[in-house]
$ cat data.pdb   # PDB, C-alpha atoms, pLDDT in the B column
MODEL        1
ATOM      1  CA  MET A1078      71.433 139.346  40.010  1.00 48.00           C
ATOM      2  CA  ALA A1079      70.381 135.720  40.440  1.00 48.00           C
ATOM      3  CA  ASN A1080      72.476 135.409  43.594  1.00 50.00           C
ATOM      4  CA  ALA A1081      70.958 138.633  44.915  1.00 47.00           C
ATOM      5  CA  ARG A1082      67.441 137.274  44.332  1.00 49.00           C
ATOM      6  CA  VAL A1083      68.305 134.024  46.143  1.00 43.00           C
ATOM      7  CA  THR A1084      69.784 135.967  49.044  1.00 51.00           C
ATOM      8  CA  ALA A1085      66.747 138.246  49.239  1.00 44.00           C
ATOM      9  CA  ARG A1086      64.379 135.270  49.171  1.00 51.00           C
ATOM     10  CA  ALA A1087      66.374 133.490  51.886  1.00 47.00           C
ATOM     11  CA  PHE A1088      66.317 136.622  54.042  1.00 44.00           C
ATOM     12  CA  ALA A1089      62.596 137.047  53.516  1.00 42.00           C
ATOM     13  CA  PHE A1090      61.962 133.384  54.360  1.00 43.00           C
ATOM     14  CA  GLN A1091      64.006 133.688  57.559  1.00 49.00           C
ATOM     15  CA  HIS A1092      62.114 136.848  58.491  1.00 46.00           C
ATOM     16  CA  VAL A1093      58.754 135.135  57.946  1.00 42.00           C
ATOM     17  CA  GLU A1094      59.988 132.125  59.902  1.00 48.00           C
ATOM     18  CA  ARG A1095      60.953 134.304  62.882  1.00 52.00           C
ATOM     19  CA  ILE A1096      57.584 136.066  62.785  1.00 49.00           C
ATOM     20  CA  TRP A1097      55.808 132.699  62.704  1.00 49.00           C
ATOM     21  CA  MET A1098      57.818 131.449  65.651  1.00 53.00           C
ATOM     22  CA  MET A1099      57.021 134.545  67.689  1.00 59.00           C
ATOM     23  CA  SER A1100      53.348 134.338  66.733  1.00 69.00           C
ATOM     24  CA  LEU A1101      53.121 130.741  67.963  1.00 68.00           C
ATOM     25  CA  ILE A1102      54.757 131.656  71.261  1.00 73.00           C
ATOM     26  CA  TYR A1103      52.470 134.665  71.607  1.00 74.00           C
ATOM     27  CA  GLU A1104      49.348 132.662  70.851  1.00 79.00           C
ATOM     28  CA  ALA A1105      50.322 130.027  73.420  1.00 76.00           C
ATOM     29  CA  ARG A1106      51.422 132.532  76.067  1.00 79.00           C
ATOM     30  CA  TRP A1107      48.609 131.673  78.483  1.00 85.00           C
ATOM     31  CA  VAL A1108      49.339 127.971  78.135  1.00 85.00           C
ATOM     32  CA  PHE A1109      53.007 128.585  78.962  1.00 87.00           C
ATOM     33  CA  LEU A1110      52.067 130.898  81.821  1.00 90.00           C
ATOM     34  CA  GLU A1111      49.866 128.219  83.345  1.00 92.00           C
ATOM     35  CA  GLY A1112      52.699 125.708  83.053  1.00 92.00           C
ATOM     36  CA  ILE A1113      55.251 128.079  84.598  1.00 94.00           C
ATOM     37  CA  LEU A1114      52.954 128.893  87.524  1.00 95.00           C
ATOM     38  CA  THR A1115      52.324 125.191  88.154  1.00 95.00           C
ATOM     39  CA  THR A1116      56.057 124.485  88.045  1.00 95.00           C
ATOM     40  CA  ILE A1117      56.761 127.332  90.484  1.00 96.00           C
ATOM     41  CA  LYS A1118      54.020 126.185  92.880  1.00 96.00           C
ATOM     42  CA  ILE A1119      55.316 122.616  92.909  1.00 96.00           C
ATOM     43  CA  THR A1120      58.904 123.801  93.348  1.00 96.00           C
ATOM     44  CA  ILE A1121      58.039 126.011  96.315  1.00 96.00           C
ATOM     45  CA  ALA A1122      55.828 123.443  98.058  1.00 97.00           C
ATOM     46  CA  ALA A1123      58.237 120.555  97.469  1.00 97.00           C
ATOM     47  CA  SER A1124      61.212 122.667  98.587  1.00 96.00           C
ATOM     48  CA  LEU A1125      59.486 123.570 101.866  1.00 96.00           C
ATOM     49  CA  LEU A1126      58.729 119.891 102.482  1.00 97.00           C
ATOM     50  CA  ALA A1127      62.275 118.912 101.509  1.00 96.00           C
ATOM     51  CA  PHE A1128      63.869 121.434 103.878  1.00 95.00           C
ATOM     52  CA  ALA A1129      61.553 120.376 106.727  1.00 96.00           C
ATOM     53  CA  MET A1130      62.362 116.697 106.179  1.00 96.00           C
ATOM     54  CA  ALA A1131      66.054 117.530 105.835  1.00 96.00           C
ATOM     55  CA  PHE A1132      66.090 119.147 109.264  1.00 94.00           C
ATOM     56  CA  LEU A1133      64.062 116.371 110.873  1.00 95.00           C
ATOM     57  CA  ALA A1134      66.153 113.575 109.412  1.00 95.00           C
ATOM     58  CA  GLY A1135      69.442 115.446 109.798  1.00 94.00           C
ATOM     59  CA  LEU A1136      68.783 116.110 113.473  1.00 93.00           C
ATOM     60  CA  GLY A1137      67.589 112.532 113.831  1.00 93.00           C
ATOM     61  CA  ARG A1138      70.952 111.296 112.503  1.00 92.00           C
ATOM     62  CA  ILE A1139      72.800 113.071 115.332  1.00 89.00           C
ATOM     63  CA  SER A1140      70.221 112.272 118.015  1.00 88.00           C
ATOM     64  CA  PRO A1141      71.456 110.495 121.169  1.00 87.00           C
ATOM     65  CA  PHE A1142      68.453 108.169 120.890  1.00 90.00           C
ATOM     66  CA  ALA A1143      69.191 105.093 118.790  1.00 90.00           C
ATOM     67  CA  PRO A1144      65.601 104.553 117.497  1.00 92.00           C
ATOM     68  CA  LEU A1145      65.547 108.084 116.073  1.00 93.00           C
ATOM     69  CA  ARG A1146      68.933 107.576 114.439  1.00 93.00           C
ATOM     70  CA  TRP A1147      67.809 104.321 112.834  1.00 96.00           C
ATOM     71  CA  LEU A1148      64.487 105.802 111.684  1.00 95.00           C
ATOM     72  CA  ALA A1149      66.266 108.749 110.068  1.00 95.00           C
ATOM     73  CA  LEU A1150      68.807 106.412 108.456  1.00 95.00           C
ATOM     74  CA  VAL A1151      66.094 104.189 106.985  1.00 96.00           C
ATOM     75  CA  TYR A1152      64.281 107.204 105.537  1.00 96.00           C
ATOM     76  CA  ILE A1153      67.470 108.602 104.020  1.00 95.00           C
ATOM     77  CA  GLU A1154      68.640 105.335 102.485  1.00 95.00           C
ATOM     78  CA  VAL A1155      65.229 104.381 101.073  1.00 95.00           C
ATOM     79  CA  PHE A1156      64.526 107.692  99.373  1.00 95.00           C
ATOM     80  CA  ARG A1157      68.105 108.164  98.163  1.00 93.00           C
ATOM     81  CA  GLY A1158      68.300 104.589  96.907  1.00 93.00           C
ATOM     82  CA  VAL A1159      65.150 104.598  94.757  1.00 94.00           C
ATOM     83  CA  ALA A1160      64.901 106.597  91.539  1.00 94.00           C
ATOM     84  CA  LEU A1161      62.605 109.612  91.769  1.00 95.00           C
ATOM     85  CA  LEU A1162      60.635 108.477  88.708  1.00 94.00           C
ATOM     86  CA  VAL A1163      59.934 105.142  90.410  1.00 95.00           C
ATOM     87  CA  GLN A1164      58.783 106.967  93.554  1.00 95.00           C
ATOM     88  CA  LEU A1165      56.429 109.130  91.478  1.00 95.00           C
ATOM     89  CA  PHE A1166      54.943 106.132  89.683  1.00 95.00           C
ATOM     90  CA  TRP A1167      54.643 104.098  92.897  1.00 95.00           C
ATOM     91  CA  MET A1168      52.779 106.868  94.731  1.00 95.00           C
ATOM     92  CA  PHE A1169      50.528 107.631  91.776  1.00 95.00           C
ATOM     93  CA  PHE A1170      49.809 104.157  90.362  1.00 94.00           C
ATOM     94  CA  VAL A1171      50.410 101.718  93.255  1.00 95.00           C
ATOM     95  CA  LEU A1172      48.970 103.513  96.292  1.00 95.00           C
ATOM     96  CA  PRO A1173      45.417 103.429  94.822  1.00 94.00           C
ATOM     97  CA  PHE A1174      45.534  99.613  95.146  1.00 94.00           C
ATOM     98  CA  PHE A1175      45.780 100.197  98.915  1.00 93.00           C
ATOM     99  CA  GLY A1176      42.901 102.669  98.911  1.00 93.00           C
ATOM    100  CA  ILE A1177      45.105 105.779  98.889  1.00 93.00           C
ATOM    101  CA  VAL A1178      44.359 108.032  95.925  1.00 93.00           C
ATOM    102  CA  LEU A1179      46.426 111.203  95.716  1.00 93.00           C
ATOM    103  CA  ASP A1180      45.942 114.233  93.512  1.00 94.00           C
ATOM    104  CA  PRO A1181      48.699 114.430  90.849  1.00 94.00           C
ATOM    105  CA  ILE A1182      50.069 117.695  92.264  1.00 95.00           C
ATOM    106  CA  VAL A1183      50.053 116.299  95.812  1.00 96.00           C
ATOM    107  CA  THR A1184      51.882 113.231  94.531  1.00 96.00           C
ATOM    108  CA  ALA A1185      54.464 115.423  92.812  1.00 96.00           C
ATOM    109  CA  VAL A1186      55.068 117.519  95.934  1.00 97.00           C
ATOM    110  CA  LEU A1187      55.373 114.459  98.188  1.00 96.00           C
ATOM    111  CA  ALA A1188      57.730 112.555  95.891  1.00 96.00           C
ATOM    112  CA  LEU A1189      59.961 115.548  95.163  1.00 97.00           C
ATOM    113  CA  GLY A1190      59.957 116.765  98.768  1.00 97.00           C
ATOM    114  CA  LEU A1191      60.655 113.412 100.394  1.00 96.00           C
ATOM    115  CA  CYS A1192      63.335 112.438  97.879  1.00 96.00           C
ATOM    116  CA  ASN A1193      65.222 115.730  98.072  1.00 96.00           C
ATOM    117  CA  GLY A1194      64.725 115.881 101.836  1.00 96.00           C
ATOM    118  CA  ALA A1195      66.727 112.677 102.115  1.00 95.00           C
ATOM    119  CA  TYR A1196      69.647 114.330 100.326  1.00 95.00           C
ATOM    120  CA  GLY A1197      69.215 117.506 102.379  1.00 95.00           C
ATOM    121  CA  ALA A1198      69.416 115.532 105.620  1.00 95.00           C
ATOM    122  CA  GLU A1199      73.093 114.842 105.008  1.00 93.00           C
ATOM    123  CA  ILE A1200      73.635 118.548 104.348  1.00 94.00           C
ATOM    124  CA  VAL A1201      72.115 119.399 107.750  1.00 94.00           C
ATOM    125  CA  ARG A1202      74.067 116.712 109.568  1.00 92.00           C
ATOM    126  CA  GLY A1203      77.350 117.640 107.889  1.00 91.00           C
ATOM    127  CA  ALA A1204      76.902 121.382 108.543  1.00 90.00           C
ATOM    128  CA  ILE A1205      76.157 120.878 112.247  1.00 89.00           C
ATOM    129  CA  LYS A1206      79.099 118.522 112.594  1.00 88.00           C
ATOM    130  CA  SER A1207      81.309 121.139 110.915  1.00 87.00           C
ATOM    131  CA  VAL A1208      80.767 123.689 113.685  1.00 82.00           C
ATOM    132  CA  PRO A1209      83.982 123.718 115.774  1.00 81.00           C
ATOM    133  CA  HIS A1210      83.785 121.441 118.793  1.00 77.00           C
ATOM    134  CA  GLY A1211      84.863 124.327 120.996  1.00 76.00           C
ATOM    135  CA  GLN A1212      81.412 125.850 120.528  1.00 74.00           C
ATOM    136  CA  SER A1213      79.814 122.815 122.195  1.00 72.00           C
ATOM    137  CA  GLU A1214      82.329 123.003 125.009  1.00 71.00           C
ATOM    138  CA  ALA A1215      81.560 126.699 125.506  1.00 75.00           C
ATOM    139  CA  ALA A1216      77.830 125.907 125.663  1.00 72.00           C
ATOM    140  CA  CYS A1217      78.528 123.218 128.264  1.00 73.00           C
ATOM    141  CA  ALA A1218      80.566 125.713 130.288  1.00 73.00           C
ATOM    142  CA  LEU A1219      77.589 128.103 130.180  1.00 72.00           C
ATOM    143  CA  ASN A1220      75.420 125.305 131.597  1.00 71.00           C
ATOM    144  CA  TYR A1221      73.348 124.992 128.405  1.00 75.00           C
ATOM    145  CA  SER A1222      71.379 121.811 127.910  1.00 74.00           C
ATOM    146  CA  ARG A1223      71.993 119.742 124.774  1.00 77.00           C
ATOM    147  CA  GLN A1224      68.857 121.174 123.144  1.00 79.00           C
ATOM    148  CA  GLN A1225      69.757 124.754 124.067  1.00 78.00           C
ATOM    149  CA  ALA A1226      73.265 124.340 122.677  1.00 81.00           C
ATOM    150  CA  LEU A1227      71.868 122.854 119.482  1.00 79.00           C
ATOM    151  CA  TRP A1228      69.275 125.539 118.766  1.00 82.00           C
ATOM    152  CA  LYS A1229      71.045 128.613 120.160  1.00 81.00           C
ATOM    153  CA  ILE A1230      74.654 127.953 119.179  1.00 82.00           C
ATOM    154  CA  LEU A1231      75.205 125.109 116.718  1.00 84.00           C
ATOM    155  CA  ILE A1232      72.326 125.511 114.257  1.00 85.00           C
ATOM    156  CA  PRO A1233      72.665 129.339 113.870  1.00 85.00           C
ATOM    157  CA  GLN A1234      76.327 128.843 112.942  1.00 86.00           C
ATOM    158  CA  ALA A1235      75.575 125.889 110.686  1.00 88.00           C
ATOM    159  CA  ILE A1236      72.851 127.584 108.639  1.00 90.00           C
ATOM    160  CA  PRO A1237      75.248 129.715 106.508  1.00 88.00           C
ATOM    161  CA  MET A1238      77.067 126.491 105.622  1.00 90.00           C
ATOM    162  CA  MET A1239      73.778 124.818 104.680  1.00 92.00           C
ATOM    163  CA  LEU A1240      72.524 127.557 102.363  1.00 92.00           C
ATOM    164  CA  PRO A1241      74.818 127.039  99.308  1.00 93.00           C
ATOM    165  CA  PRO A1242      74.131 123.275  99.085  1.00 94.00           C
ATOM    166  CA  PHE A1243      70.463 123.908  99.863  1.00 95.00           C
ATOM    167  CA  GLY A1244      70.404 126.308  96.910  1.00 94.00           C
ATOM    168  CA  ASN A1245      71.846 123.596  94.679  1.00 95.00           C
ATOM    169  CA  LEU A1246      69.273 121.165  96.061  1.00 95.00           C
ATOM    170  CA  ALA A1247      66.441 123.576  95.239  1.00 96.00           C
ATOM    171  CA  ILE A1248      67.679 123.934  91.655  1.00 96.00           C
ATOM    172  CA  GLU A1249      67.955 120.151  91.292  1.00 95.00           C
ATOM    173  CA  LEU A1250      64.399 119.900  92.598  1.00 96.00           C
ATOM    174  CA  LEU A1251      63.255 122.490  90.067  1.00 96.00           C
ATOM    175  CA  LYS A1252      64.791 120.503  87.222  1.00 94.00           C
ATOM    176  CA  ALA A1253      63.259 117.297  88.557  1.00 95.00           C
ATOM    177  CA  THR A1254      59.782 118.827  88.269  1.00 94.00           C
ATOM    178  CA  ALA A1255      59.991 118.038  84.553  1.00 93.00           C
ATOM    179  CA  LEU A1256      59.216 114.425  85.512  1.00 94.00           C
ATOM    180  CA  VAL A1257      55.820 115.257  86.985  1.00 94.00           C
ATOM    181  CA  SER A1258      54.379 115.697  83.496  1.00 92.00           C
ATOM    182  CA  LEU A1259      54.445 111.882  83.342  1.00 92.00           C
ATOM    183  CA  ILE A1260      51.694 111.713  85.990  1.00 93.00           C
ATOM    184  CA  THR A1261      49.471 114.225  84.146  1.00 88.00           C
ATOM    185  CA  VAL A1262      50.532 117.353  86.035  1.00 92.00           C
ATOM    186  CA  HIS A1263      50.144 120.343  83.699  1.00 90.00           C
ATOM    187  CA  ASP A1264      53.545 121.835  84.397  1.00 92.00           C
ATOM    188  CA  LEU A1265      55.787 123.660  81.942  1.00 90.00           C
ATOM    189  CA  SER A1266      57.136 120.461  80.369  1.00 91.00           C
ATOM    190  CA  PHE A1267      53.640 118.998  79.968  1.00 91.00           C
ATOM    191  CA  GLN A1268      52.381 122.127  78.236  1.00 89.00           C
ATOM    192  CA  ALA A1269      55.383 122.153  75.887  1.00 89.00           C
ATOM    193  CA  LEU A1270      54.875 118.496  74.959  1.00 89.00           C
ATOM    194  CA  THR A1271      51.175 119.061  74.368  1.00 88.00           C
ATOM    195  CA  LEU A1272      51.838 122.112  72.188  1.00 86.00           C
ATOM    196  CA  GLN A1273      54.507 120.260  70.227  1.00 84.00           C
ATOM    197  CA  GLN A1274      52.123 117.380  69.510  1.00 86.00           C
ATOM    198  CA  THR A1275      49.232 119.632  68.481  1.00 84.00           C
ATOM    199  CA  THR A1276      51.176 122.093  66.332  1.00 81.00           C
ATOM    200  CA  MET A1277      53.983 119.795  65.132  1.00 82.00           C
ATOM    201  CA  ARG A1278      56.402 122.591  66.064  1.00 81.00           C
ATOM    202  CA  THR A1279      59.381 121.658  68.207  1.00 82.00           C
ATOM    203  CA  ILE A1280      61.731 124.630  68.390  1.00 82.00           C
ATOM    204  CA  GLU A1281      59.339 127.167  69.902  1.00 83.00           C
ATOM    205  CA  PRO A1282      57.812 125.225  72.831  1.00 85.00           C
ATOM    206  CA  PHE A1283      61.053 123.659  73.982  1.00 89.00           C
ATOM    207  CA  THR A1284      62.935 126.943  73.649  1.00 88.00           C
ATOM    208  CA  VAL A1285      60.361 128.509  75.959  1.00 89.00           C
ATOM    209  CA  VAL A1286      60.813 125.585  78.378  1.00 91.00           C
ATOM    210  CA  LEU A1287      64.589 126.013  78.333  1.00 92.00           C
ATOM    211  CA  ALA A1288      64.319 129.744  79.005  1.00 92.00           C
ATOM    212  CA  GLY A1289      61.664 129.234  81.685  1.00 93.00           C
ATOM    213  CA  TYR A1290      63.655 126.769  83.745  1.00 95.00           C
ATOM    214  CA  PHE A1291      66.791 128.872  83.380  1.00 95.00           C
ATOM    215  CA  LEU A1292      65.093 132.057  84.591  1.00 95.00           C
ATOM    216  CA  ILE A1293      63.507 130.316  87.585  1.00 96.00           C
ATOM    217  CA  ALA A1294      66.890 128.811  88.485  1.00 96.00           C
ATOM    218  CA  ILE A1295      68.499 132.266  88.319  1.00 96.00           C
ATOM    219  CA  VAL A1296      65.889 133.609  90.751  1.00 96.00           C
ATOM    220  CA  ILE A1297      66.469 130.692  93.153  1.00 96.00           C
ATOM    221  CA  THR A1298      70.225 131.254  93.024  1.00 95.00           C
ATOM    222  CA  GLY A1299      69.816 134.971  93.752  1.00 95.00           C
ATOM    223  CA  LEU A1300      67.486 134.338  96.708  1.00 95.00           C
ATOM    224  CA  PHE A1301      69.851 131.859  98.328  1.00 94.00           C
ATOM    225  CA  ARG A1302      72.855 134.136  97.825  1.00 93.00           C
ATOM    226  CA  LEU A1303      70.931 136.973  99.444  1.00 92.00           C
ATOM    227  CA  ALA A1304      69.975 134.730 102.364  1.00 91.00           C
ATOM    228  CA  GLU A1305      73.593 133.612 102.740  1.00 88.00           C
ATOM    229  CA  ARG A1306      74.851 137.207 102.864  1.00 88.00           C
ATOM    230  CA  GLN A1307      72.242 138.162 105.445  1.00 88.00           C
ATOM    231  CA  THR A1308      72.961 135.204 107.740  1.00 86.00           C
ATOM    232  CA  ASN A1309      76.703 135.801 107.505  1.00 80.00           C
ATOM    233  CA  ALA A1310      76.166 139.479 108.348  1.00 80.00           C
ATOM    234  CA  ARG A1311      74.123 138.577 111.407  1.00 77.00           C
ATOM    235  CA  LEU A1312      76.932 136.334 112.611  1.00 72.00           C
ATOM    236  CA  GLY A1313      79.515 139.043 111.949  1.00 69.00           C
ATOM    237  CA  ARG A1314      81.127 137.224 109.049  1.00 65.00           C
ATOM    238  CA  GLY A1315      82.323 138.816 105.849  1.00 56.00           C
ATOM    239  CA  ALA A1316      80.690 138.239 102.461  1.00 50.00           C
ATOM    240  CA  ARG A1317      81.777 135.129 100.611  1.00 51.00           C
TER     241      ARG A1317
ENDMDL
END

$ encode --input "data.pdb" --output "structure tokens"
Amino acid sequence: MANARVTARAFAFQHVERIWMMSLIYEARWVFLEGILTTIKITIAASLLAFAMAFLAGLGRISPFAPLRWLALVYIEVFRGVALLVQLFWMFFVLPFFGIVLDPIVTAVLALGLCNGAYGAEIVRGAIKSVPHGQSEAACALNYSRQQALWKILIPQAIPMMLPPFGNLAIELLKATALVSLITVHDLSFQALTLQQTTMRTIEPFTVVLAGYFLIAIVITGLFRLAERQTNARLGRGAR
């Protein structure tokens, strides 16, 4: 009987504990929603900037003009060689000394976009270089200019090769958004830290953060796989 009472009490305590956890998450739902929306906005904006910079720098690396090649190389090496956290802090805390004051979200987008764009540049360059050389020769035989061959033949065939690593890059960027809470951006991580400090509860807020990042990453993965299938279908290639 005594063991049964202990078991019943333990079960009841666990039940109450689960209800309390769910009630805290429910009460803070709008706080979490705000954080998730901020994280998604930063991820989308920074990804667009990263992909744009990746194409600019990647094409610059294979440009026949030496100044463009050197400019792209400097950009890539600087932003790949400096930690993202240092870039965030430098833009947010150092630039004001030069009269440049950026909004925290703008700072986050710039730092994440420029840093990941430097990594993406090598993806673009490698994918274009991976297109068989015979394609360039065929373009030359058709009297295409270098620019026409690049945009009409090489890049369309290189894009399906870029998409899987670009998808990985987007997920890495998503995970890196957790750092922007350190410059007062109210993203998902910031909201979880604030809730943990005000309620002294740890499990609930960080479980929500874990689930939130995972679900967003799943959506990103699905979108890039869909884009890869569509581009392969347009080029007459089978699904991979």

$ resolve_selection --input "data.pdb" --expression "the PyMOL selection byres ((chain A and resi 1170-1183) around 12)" --output "number ranges by chain"
A: 1115-1120, 1122-1123, 1126, 1162-1169, 1184-1191, 1254, 1256-1264

$ atom_distance --input "data.pdb" --atom1 "CA of Glu1104 (chain A)" --atom2 "CA of Ile1121 (chain A)"
27.7 Å

$ residues_around --input "data.pdb" --residues "Arg1106 (chain A)" --least-positions-apart "4" --cutoff "12 Å" --atoms "only C-alpha atoms" --output "ChimeraX atom specification"
/A:1099-1102,1110-1113,1265,1268-1269,1272,1281-1282,1285-1286

$ atom_distance --input "data.pdb" --atom1 "CA of Ala1129 (chain A)" --atom2 "CA of Val1201 (chain A)"
10.7 Å

$ resolve_selection --input "data.pdb" --expression "the PyMOL selection byres ((chain A and resi 1139) around 12)" --output "CSV table (one decimal) with C-alpha atoms, keeping the file's coordinate frame"
chain,number,residue,atom,x,y,z
A,1132,PHE,CA,66.1,119.1,109.3
A,1133,LEU,CA,64.1,116.4,110.9
A,1134,ALA,CA,66.2,113.6,109.4
A,1135,GLY,CA,69.4,115.4,109.8
A,1136,LEU,CA,68.8,116.1,113.5
A,1137,GLY,CA,67.6,112.5,113.8
A,1138,ARG,CA,71.0,111.3,112.5
A,1140,SER,CA,70.2,112.3,118.0
A,1141,PRO,CA,71.5,110.5,121.2
A,1142,PHE,CA,68.5,108.2,120.9
A,1143,ALA,CA,69.2,105.1,118.8
A,1144,PRO,CA,65.6,104.6,117.5
A,1145,LEU,CA,65.5,108.1,116.1
A,1146,ARG,CA,68.9,107.6,114.4
A,1147,TRP,CA,67.8,104.3,112.8
A,1148,LEU,CA,64.5,105.8,111.7
A,1149,ALA,CA,66.3,108.7,110.1
A,1150,LEU,CA,68.8,106.4,108.5
A,1198,ALA,CA,69.4,115.5,105.6
A,1199,GLU,CA,73.1,114.8,105.0
A,1201,VAL,CA,72.1,119.4,107.8
A,1202,ARG,CA,74.1,116.7,109.6
A,1203,GLY,CA,77.4,117.6,107.9
A,1204,ALA,CA,76.9,121.4,108.5
A,1205,ILE,CA,76.2,120.9,112.2
A,1206,LYS,CA,79.1,118.5,112.6
A,1223,ARG,CA,72.0,119.7,124.8
A,1224,GLN,CA,68.9,121.2,123.1
A,1227,LEU,CA,71.9,122.9,119.5

$ atom_distance --input "data.pdb" --atom1 "CA of Tyr1152 (chain A)" --atom2 "CA of Cys1192 (chain A)"
9.3 Å

$ residues_around --input "data.pdb" --residues "Leu1300 (chain A)" --least-positions-apart "5" --cutoff "9 Å" --atoms "all atoms listed in the file" --output "count of residues only"
3

$ residues_around --input "data.pdb" --residues "Leu1246 (chain A)" --least-positions-apart "2" --cutoff "12 Å" --atoms "all atoms listed in the file" --output "PyMOL selection string"
chain A and resi 1120+1123-1125+1127-1128+1131+1189-1190+1192-1200+1239-1244+1248-1253+1294+1297-1298+1301

$ resolve_selection --input "data.pdb" --expression "the PyMOL selection byres ((chain A and resi 1216) around 10)" --output "CSV table (one decimal) with C-alpha atoms, keeping the file's coordinate frame"
chain,number,residue,atom,x,y,z
A,1211,GLY,CA,84.9,124.3,121.0
A,1212,GLN,CA,81.4,125.8,120.5
A,1213,SER,CA,79.8,122.8,122.2
A,1214,GLU,CA,82.3,123.0,125.0
A,1215,ALA,CA,81.6,126.7,125.5
A,1217,CYS,CA,78.5,123.2,128.3
A,1218,ALA,CA,80.6,125.7,130.3
A,1219,LEU,CA,77.6,128.1,130.2
A,1220,ASN,CA,75.4,125.3,131.6
A,1221,TYR,CA,73.3,125.0,128.4
A,1222,SER,CA,71.4,121.8,127.9
A,1223,ARG,CA,72.0,119.7,124.8
A,1225,GLN,CA,69.8,124.8,124.1
A,1226,ALA,CA,73.3,124.3,122.7
A,1227,LEU,CA,71.9,122.9,119.5
A,1229,LYS,CA,71.0,128.6,120.2
A,1230,ILE,CA,74.7,128.0,119.2
A,1231,LEU,CA,75.2,125.1,116.7

$ closest_residue --input "data.pdb" --among "A:Leu1312, A:Val1159, A:Val1108, A:Ile1293" --to "Ala1247 (chain A)" --atoms "only C-alpha atoms"
A:Ile1293
